[in-house]
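S.K.: Next up, start.cif (mmCIF, C-alpha atoms).
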data_entry
loop_
_atom_site.label_atom_id
_atom_site.label_comp_id
_atom_site.auth_asym_id
_atom_site.auth_seq_id
_atom_site.Cartn_x
_atom_site.Cartn_y
_atom_site.Cartn_z
CA MET H 1 74.10 109.17 104.23
CA ARG H 2 77.14 109.63 106.47
CA VAL H 3 78.35 113.27 106.52
CA LYS H 4 80.60 115.64 108.45
CA ASN H 5 80.63 119.41 108.88
CA VAL H 6 82.90 121.37 106.55
CA LYS H 7 85.55 123.09 108.68
CA GLY H 8 85.97 126.78 107.92
CA SER H 9 83.02 126.95 105.53
CA SER H 10 81.87 130.30 106.95
CA LYS H 11 85.10 131.91 105.74
CA VAL H 12 84.45 130.73 102.19
CA SER H 13 80.68 130.88 101.86
CA GLY H 14 79.51 132.67 104.98
CA LYS H 15 76.63 134.52 103.36
CA ALA H 16 73.86 132.67 101.59
CA PRO H 17 73.47 133.49 97.90
CA SER H 18 71.09 136.28 96.94
CA PRO H 19 68.08 136.49 97.37
CA TYR H 20 68.21 134.21 100.45
CA ASN H 21 68.56 135.65 103.96
CA SER H 22 70.22 132.54 105.38
CA TRP H 23 71.53 129.12 104.41
CA LEU H 24 68.52 127.62 106.16
CA GLN H 25 66.18 129.63 103.95
CA TYR H 26 68.22 128.52 100.91
CA TRP H 27 67.78 124.89 102.04
CA GLU H 28 64.03 125.35 102.52
CA VAL H 29 63.50 126.77 99.03
CA GLN H 30 65.84 124.34 97.25
CA SER H 31 64.48 121.27 99.09
CA GLY H 32 60.85 122.35 98.87
CA THR H 33 60.51 121.86 102.64
CA LYS H 34 59.24 124.81 104.66
CA LEU H 35 60.02 124.52 108.38
CA LYS H 36 57.32 126.02 110.60
CA ASP H 37 58.25 128.30 113.51
CA ASP H 38 56.06 126.62 116.12
CA ILE H 39 56.88 122.94 115.44
CA TYR H 40 59.68 120.90 116.98
CA TYR H 41 62.02 119.12 114.55
CA THR H 42 64.60 116.44 115.29
CA CYS H 43 68.21 117.35 114.60
CA PRO H 44 69.68 114.47 112.57
CA ALA H 45 73.05 114.71 114.31
CA CYS H 46 72.10 114.69 118.02
CA ARG H 47 68.48 113.45 117.71
CA GLU H 48 67.26 116.24 120.06
CA LYS H 49 64.13 118.23 119.24
CA PHE H 50 64.29 121.97 118.54
CA LYS H 51 62.17 124.71 117.02
CA LYS H 52 63.16 126.21 113.67
CA SER H 53 64.87 129.18 115.36
CA ASN H 54 67.50 126.78 116.79
CA PHE H 55 68.45 125.38 113.38
CA ASP H 56 71.16 126.51 110.97
CA GLY H 57 71.73 125.64 107.35
CA ALA H 58 74.94 123.66 107.90
CA HIS H 59 77.66 123.02 105.31
CA VAL H 60 78.48 119.31 105.16
CA GLN H 61 80.37 116.83 102.97
CA LYS H 62 79.68 113.17 102.37
CA VAL H 63 82.06 110.78 104.15
CA ASN H 64 83.77 107.81 102.47
CA ASN H 65 82.51 108.94 99.09
CA MET H 66 84.20 110.22 95.95
CA ASP H 67 81.77 113.15 96.00
CA ARG H 68 83.68 116.06 97.58
CA ASN H 69 80.91 118.60 96.96
CA TRP H 70 79.46 120.69 99.76
CA TYR H 71 75.83 120.42 100.80
CA ILE H 72 73.44 122.29 103.08
CA THR H 73 71.35 120.42 105.62
CA PRO H 74 69.48 121.70 108.68
CA LEU H 75 71.28 121.05 111.99
CA CYS H 76 70.74 122.50 115.45
CA SER H 77 73.13 125.34 116.22
CA GLY H 78 75.22 123.16 118.54
CA CYS H 79 75.66 120.36 116.00
CA ASN H 80 76.54 122.83 113.27
CA HIS H 81 80.01 122.95 114.87
CA ARG H 82 80.50 119.32 115.88
CA GLU H 83 83.50 117.45 114.51
CA ILE H 84 82.23 113.88 114.51
CA GLU H 85 80.42 112.22 111.61
CA PHE H 86 76.66 111.69 111.65
CA GLU H 87 73.81 110.38 109.51
CA VAL H 88 71.33 112.43 107.49
CA HIS H 89 68.80 111.44 104.85
CA ASN H 90 70.22 111.87 101.37
CA ASP H 91 67.03 113.77 100.45
CA ASP H 92 67.96 116.42 103.06
CA LEU H 93 71.19 117.36 101.26
CA VAL H 94 70.98 120.41 99.01
CA PRO H 95 74.09 121.22 96.93
CA VAL H 96 75.91 124.48 97.63
CA PRO H 97 76.26 126.50 94.39
CA SER H 98 79.66 125.61 92.91
CA ASN H 99 80.82 129.23 92.74
CA LEU H 100 80.57 129.55 96.55
CA LYS H 101 82.95 126.76 97.64
#
For this file, produce the structure as structure tokens.
M.R.:
Amino acid sequence: MRVKNVKGSSKVSGKAPSPYNSWLQYWEVQSGTKLKDDIYYTCPACREKFKKSNFDGAHVQKVNNMDRNWYITPLCSGCNHREIEFEVHNDDLVPVPSNLK
């Protein structure tokens, strides 16, 4: 699925919903995928490998799609701010609660 980062999302939904400590933790629980601290994962945007501590729960939107909803997906901290489009697996997109957009 082609996506892009949501500009200014931290101003609207900067804090993850309670009881989550971060958007990455929210993504882990909602997706059922627990990232381990000592394993390297590939960032879908830049294809580089990083440990969990280098990932953020990034706010993204689908590109060229009628769906204008926001989603969370794990991206490395650098790619969490990139402005170009990139590919992620549709299964890695977790909807942001509608009251936080």
S.K.: Can you measure atom CA of Glu28 of chain H to atom CA of Arg82 of chain H for me? One decimal in Å is fine.
M.R.: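 Answer for the atom CA of Glu28 of chain H to atom CA of Arg82 of chain H separation: 22.0 Å.
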S.K.: With the file shown as input, list the residues that the PyMOL selection byres ((chain H and resi 62) around 12) selects, as a list in words.
M.R.: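 So the PyMOL selection byres ((chain H and resi 62) around 12), applied here, picks out Met1, Arg2, Val3, Lys4, Asn5, Val6, His59, Val60, Gln61, Val63, Asn64, Asn65, Met66, Asp67, Arg68, Asn69, Trp70, Tyr71, Ile72, Thr73, Glu85, Phe86, Glu87, Val88, His89, Asn90, Leu93, Val94 and Pro95 of chain H.
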S.K.: Could you give me, as a list in words, the residues within 7 Å of segment 54-56 of chain H, counting only C-alpha atoms and dropping anything in the same chain fewer than 4 positions from it?
M.R.: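 Those residues are Leu24, Phe50, Pro74, Leu75, Cys76, Ser77 and Asn80 of chain H.
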S.K.: So the first atom is atom CA of Val29 of chain H and the second is atom CA of Asp92 of chain H; what is the distance between them in Å, to one decimal place?
M.R.: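 Separation of atom CA of Val29 of chain H and atom CA of Asp92 of chain H: 12.0 Å.
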S.K.: Restricting the calculation to all atoms listed in the file, which member of H:Gly8, H:Ser98, H:Ser22, H:Gly78 is positioned closest to Cys46 of chain H?
M.R.: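 Among the listed residues, H:Gly78 lies closest to Cys46 of chain H.
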S.K.: On this structure, the PyMOL selection byres ((chain H and resi 36) around 12) would catch which residues? List them as a tab-separated table (two decimals) with C-alpha atoms, in the frame of the given file, sorted by chain and number.
M.R.:
chain	number	residue	atom	x	y	z
H	25	GLN	CA	66.18	129.63	103.95
H	28	GLU	CA	64.03	125.35	102.52
H	33	THR	CA	60.51	121.86	102.64
H	34	LYS	CA	59.24	124.81	104.66
H	35	LEU	CA	60.02	124.52	108.38
H	37	ASP	CA	58.25	128.30	113.51
H	38	ASP	CA	56.06	126.62	116.12
H	39	ILE	CA	56.88	122.94	115.44
H	40	TYR	CA	59.68	120.90	116.98
H	41	TYR	CA	62.02	119.12	114.55
H	50	PHE	CA	64.29	121.97	118.54
H	51	LYS	CA	62.17	124.71	117.02
H	52	LYS	CA	63.16	126.21	113.67
H	53	SER	CA	64.87	129.18	115.36
H	54	ASN	CA	67.50	126.78	116.79
H	55	PHE	CA	68.45	125.38	113.38
S.K.: Would you work out the distance separating atom CA of Gly14 of chain H from atom CA of Ser31 of chain H, expressed in Å to one decimal?
M.R.: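 If I compute the distance from atom CA of Gly14 of chain H to atom CA of Ser31 of chain H, I get 19.8 Å.
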S.K.: Box along x, y and z, 5 Å on every side, all listed atoms of segment 14-23 of chain H inside: centre and edge lengths in Å to one decimal, as AutoDock Vina command-line options.
M.R.:
--center_x 73.8 --center_y 132.8 --center_z 101.2 --size_x 21.4 --size_y 17.4 --size_z 18.4
S.K.: Using all atoms listed in the file, which of H:Thr42, H:Gln30, H:Ser9, H:Asn21 sits nearest Asp91 of chain H?
M.R.: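 For Asp91 of chain H, the nearest of the candidates is H:Gln30.
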S.K.: Could you tell me which residues the PyMOL selection byres ((chain H and resi 17) around 10) grabs in this file, written as an MDAnalysis selection string?
M.R.: chainID H and resid 13:16 18:23 26 96:97 99:100
